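Working notes, beginning with the structure itself.
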Amino acid sequence: MIEIAFVLVCLLAPVLAKYAGIMERAKRGFSLIAGAGILYLLSASFARTELVVEEAAELATWGSYLFGLIGWIFVLVGSLMVAYKFAIEE
């Protein structure tokens, strides 16, 4: 259930940034964070693959790890880009 909460946080971050009026300052970083939310959603769906296909245990494990890692990299790079934009620009 934590995965779904993290998906919602990643997908709501650009929406809240738009609402706060700071989206235009670091649009690319917030786009990466939203992309991470979609990758985390895909990772969570791989974790539920065993419910649909019983023989897919290997696919469920590696798919979940792979897309979780890629999503983590997106969050890392996106948040660093946002922090850099706000630190450099006044």
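Please note that chains go A, B, ... in the order of the structure tokens, that every chain numbers its residues from 1, and that ligands are numbered from 1 in the order shown.
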Find the residues around A:Gly37 up to 10 Å (only C-alpha atoms counted), leave out those fewer than 3 positions away in its own chain, and share them as a JSON list (two decimals) with N, CA and C atoms, in the first residue's frame.
```
[["chain", "number", "residue", "atom", "x", "y", "z"],
["A", 3, "GLU", "N", 3.43, 1.71, -1.78],
["A", 3, "GLU", "CA", 3.78, 2.06, -3.17],
["A", 3, "GLU", "C", 2.74, 2.98, -3.78],
["A", 4, "ILE", "N", 1.46, 2.69, -3.52],
["A", 4, "ILE", "CA", 0.40, 3.49, -4.10],
["A", 4, "ILE", "C", 0.41, 4.90, -3.49],
["A", 5, "ALA", "N", 0.73, 5.01, -2.21],
["A", 5, "ALA", "CA", 0.83, 6.33, -1.59],
["A", 5, "ALA", "C", 1.97, 7.13, -2.21],
["A", 6, "PHE", "N", 3.09, 6.46, -2.49],
["A", 6, "PHE", "CA", 4.22, 7.15, -3.12],
["A", 6, "PHE", "C", 3.89, 7.55, -4.55],
["A", 7, "VAL", "N", 3.12, 6.71, -5.24],
["A", 7, "VAL", "CA", 2.66, 7.05, -6.60],
["A", 7, "VAL", "C", 1.83, 8.33, -6.55],
["A", 8, "LEU", "N", 0.92, 8.41, -5.61],
["A", 8, "LEU", "CA", 0.08, 9.60, -5.50],
["A", 8, "LEU", "C", 0.89, 10.84, -5.16],
["A", 9, "VAL", "N", 1.87, 10.70, -4.30],
["A", 9, "VAL", "CA", 2.72, 11.84, -3.95],
["A", 9, "VAL", "C", 3.48, 12.33, -5.18],
["A", 10, "CYS", "N", 4.03, 11.40, -5.94],
["A", 10, "CYS", "CA", 4.80, 11.78, -7.13],
["A", 10, "CYS", "C", 3.91, 12.41, -8.20],
["A", 11, "LEU", "N", 2.69, 11.92, -8.32],
["A", 11, "LEU", "CA", 1.79, 12.47, -9.33],
["A", 11, "LEU", "C", 1.17, 13.79, -8.89],
["A", 12, "LEU", "N", 1.04, 14.01, -7.59],
["A", 12, "LEU", "CA", 0.46, 15.26, -7.10],
["A", 12, "LEU", "C", 1.49, 16.38, -6.95],
["A", 13, "ALA", "N", 2.77, 16.06, -6.93],
["A", 13, "ALA", "CA", 3.80, 17.09, -6.77],
["A", 13, "ALA", "C", 3.73, 18.15, -7.87],
["A", 31, "SER", "N", 8.38, 17.39, -14.24],
["A", 31, "SER", "CA", 7.97, 16.38, -15.22],
["A", 31, "SER", "C", 8.65, 15.04, -14.94],
["A", 32, "LEU", "N", 9.90, 15.07, -14.53],
["A", 32, "LEU", "CA", 10.59, 13.84, -14.16],
["A", 32, "LEU", "C", 9.97, 13.20, -12.91],
["A", 33, "ILE", "N", 9.55, 14.02, -11.97],
["A", 33, "ILE", "CA", 8.91, 13.48, -10.76],
["A", 33, "ILE", "C", 7.57, 12.85, -11.12],
["A", 34, "ALA", "N", 6.81, 13.46, -12.02],
["A", 34, "ALA", "CA", 5.54, 12.86, -12.46],
["A", 34, "ALA", "C", 5.80, 11.57, -13.23],
["A", 40, "TYR", "N", 6.52, 4.12, -10.87],
["A", 40, "TYR", "CA", 6.19, 3.43, -9.62],
["A", 40, "TYR", "C", 4.84, 2.71, -9.72],
["A", 41, "LEU", "N", 3.91, 3.29, -10.46],
["A", 41, "LEU", "CA", 2.63, 2.62, -10.69],
["A", 41, "LEU", "C", 2.84, 1.33, -11.49],
["A", 42, "LEU", "N", 3.70, 1.39, -12.49],
["A", 42, "LEU", "CA", 4.04, 0.20, -13.25],
["A", 42, "LEU", "C", 4.75, -0.83, -12.38],
["A", 43, "SER", "N", 5.62, -0.38, -11.50],
["A", 43, "SER", "CA", 6.31, -1.28, -10.59],
["A", 43, "SER", "C", 5.32, -1.96, -9.65],
["A", 68, "GLY", "N", 11.00, 0.02, -10.30],
["A", 68, "GLY", "CA", 11.17, 0.75, -9.06],
["A", 68, "GLY", "C", 12.50, 1.50, -9.04],
["A", 71, "GLY", "N", 12.27, 4.42, -11.49],
["A", 71, "GLY", "CA", 11.46, 5.47, -10.87],
["A", 71, "GLY", "C", 12.23, 6.22, -9.80],
["A", 72, "TRP", "N", 13.03, 5.49, -9.02],
["A", 72, "TRP", "CA", 13.84, 6.14, -7.98],
["A", 72, "TRP", "C", 14.85, 7.08, -8.61],
["A", 74, "PHE", "N", 14.49, 8.62, -11.48],
["A", 74, "PHE", "CA", 13.73, 9.78, -11.95],
["A", 74, "PHE", "C", 13.44, 10.75, -10.81],
["A", 75, "VAL", "N", 13.03, 10.22, -9.65],
["A", 75, "VAL", "CA", 12.76, 11.09, -8.50],
["A", 75, "VAL", "C", 14.03, 11.79, -8.06]]
```
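Excluding stretch 58-67 of chain A and any residue on its chain fewer than 3 positions from it, the residues at most 10 Å away by only C-alpha atoms are Ala36, Ile38, Leu39, Tyr40, Leu41, Leu42, Ser43, Ala44, Ser45, Phe46, Ala47, Arg48, Thr49, Glu50, Val53, Glu55, Ile70, Gly71, Trp72 and Ile73 of chain A.
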Could the residues in this selection be written to a file with N, CA and C atoms, as a compact mmCIF listing (two decimals), in the first residue's frame?
```txt
# COMPACT_ATOMS: atom_id res chain seq x y z
N ALA A 36 8.24 9.58 -12.68
CA ALA A 36 8.58 8.60 -11.65
C ALA A 36 7.32 8.01 -11.03
N ILE A 38 4.51 7.48 -12.53
CA ILE A 38 3.99 6.50 -13.49
C ILE A 38 4.83 5.23 -13.47
N LEU A 39 6.15 5.38 -13.35
CA LEU A 39 7.01 4.20 -13.26
C LEU A 39 6.77 3.42 -11.97
N TYR A 40 6.52 4.12 -10.87
CA TYR A 40 6.19 3.43 -9.62
C TYR A 40 4.84 2.71 -9.72
N LEU A 41 3.91 3.29 -10.46
CA LEU A 41 2.63 2.62 -10.69
C LEU A 41 2.84 1.33 -11.49
N LEU A 42 3.70 1.39 -12.49
CA LEU A 42 4.04 0.20 -13.25
C LEU A 42 4.75 -0.83 -12.38
N SER A 43 5.62 -0.38 -11.50
CA SER A 43 6.31 -1.28 -10.59
C SER A 43 5.32 -1.96 -9.65
N ALA A 44 4.36 -1.23 -9.15
CA ALA A 44 3.34 -1.82 -8.28
C ALA A 44 2.47 -2.81 -9.04
N SER A 45 2.23 -2.56 -10.31
CA SER A 45 1.41 -3.50 -11.08
C SER A 45 2.18 -4.80 -11.33
N PHE A 46 3.50 -4.73 -11.47
CA PHE A 46 4.28 -5.96 -11.60
C PHE A 46 4.24 -6.78 -10.32
N ALA A 47 4.16 -6.11 -9.19
CA ALA A 47 4.06 -6.83 -7.92
C ALA A 47 2.75 -7.59 -7.81
N ARG A 48 1.73 -7.16 -8.54
CA ARG A 48 0.42 -7.83 -8.52
C ARG A 48 0.25 -8.82 -9.67
N THR A 49 1.29 -9.06 -10.45
CA THR A 49 1.21 -9.94 -11.61
C THR A 49 0.89 -11.37 -11.21
N GLU A 50 1.36 -11.80 -10.06
CA GLU A 50 1.13 -13.18 -9.62
C GLU A 50 -0.35 -13.46 -9.38
N VAL A 53 -1.34 -14.22 -13.37
CA VAL A 53 -0.66 -15.35 -14.00
C VAL A 53 0.23 -16.01 -12.94
N GLU A 55 2.45 -18.38 -13.17
CA GLU A 55 3.81 -18.72 -13.58
C GLU A 55 4.71 -17.50 -13.75
N ILE A 70 14.27 2.48 -11.74
CA ILE A 70 14.20 3.57 -12.73
C ILE A 70 13.38 4.73 -12.17
N GLY A 71 12.27 4.42 -11.49
CA GLY A 71 11.46 5.47 -10.87
C GLY A 71 12.23 6.22 -9.80
N TRP A 72 13.03 5.49 -9.02
CA TRP A 72 13.84 6.14 -7.98
C TRP A 72 14.85 7.08 -8.61
N ILE A 73 15.45 6.67 -9.73
CA ILE A 73 16.41 7.53 -10.42
C ILE A 73 15.70 8.78 -10.95
```
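Distance-wise, atom CA of A:Leu76 and atom CA of A:Gly29 end up 9.6 Å apart.
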Secondary structure check, alpha helix (DSSP H) residues of chain A, as a ChimeraX atom specification: /A:2-20,27-47,57-88
Distance query A:Arg28 at most 12 Å, only C-alpha atoms, self and fewer than 5 positions along chain excluded, as a ChimeraX atom specification: /A:14,22-23,33-35,74-75,77-85
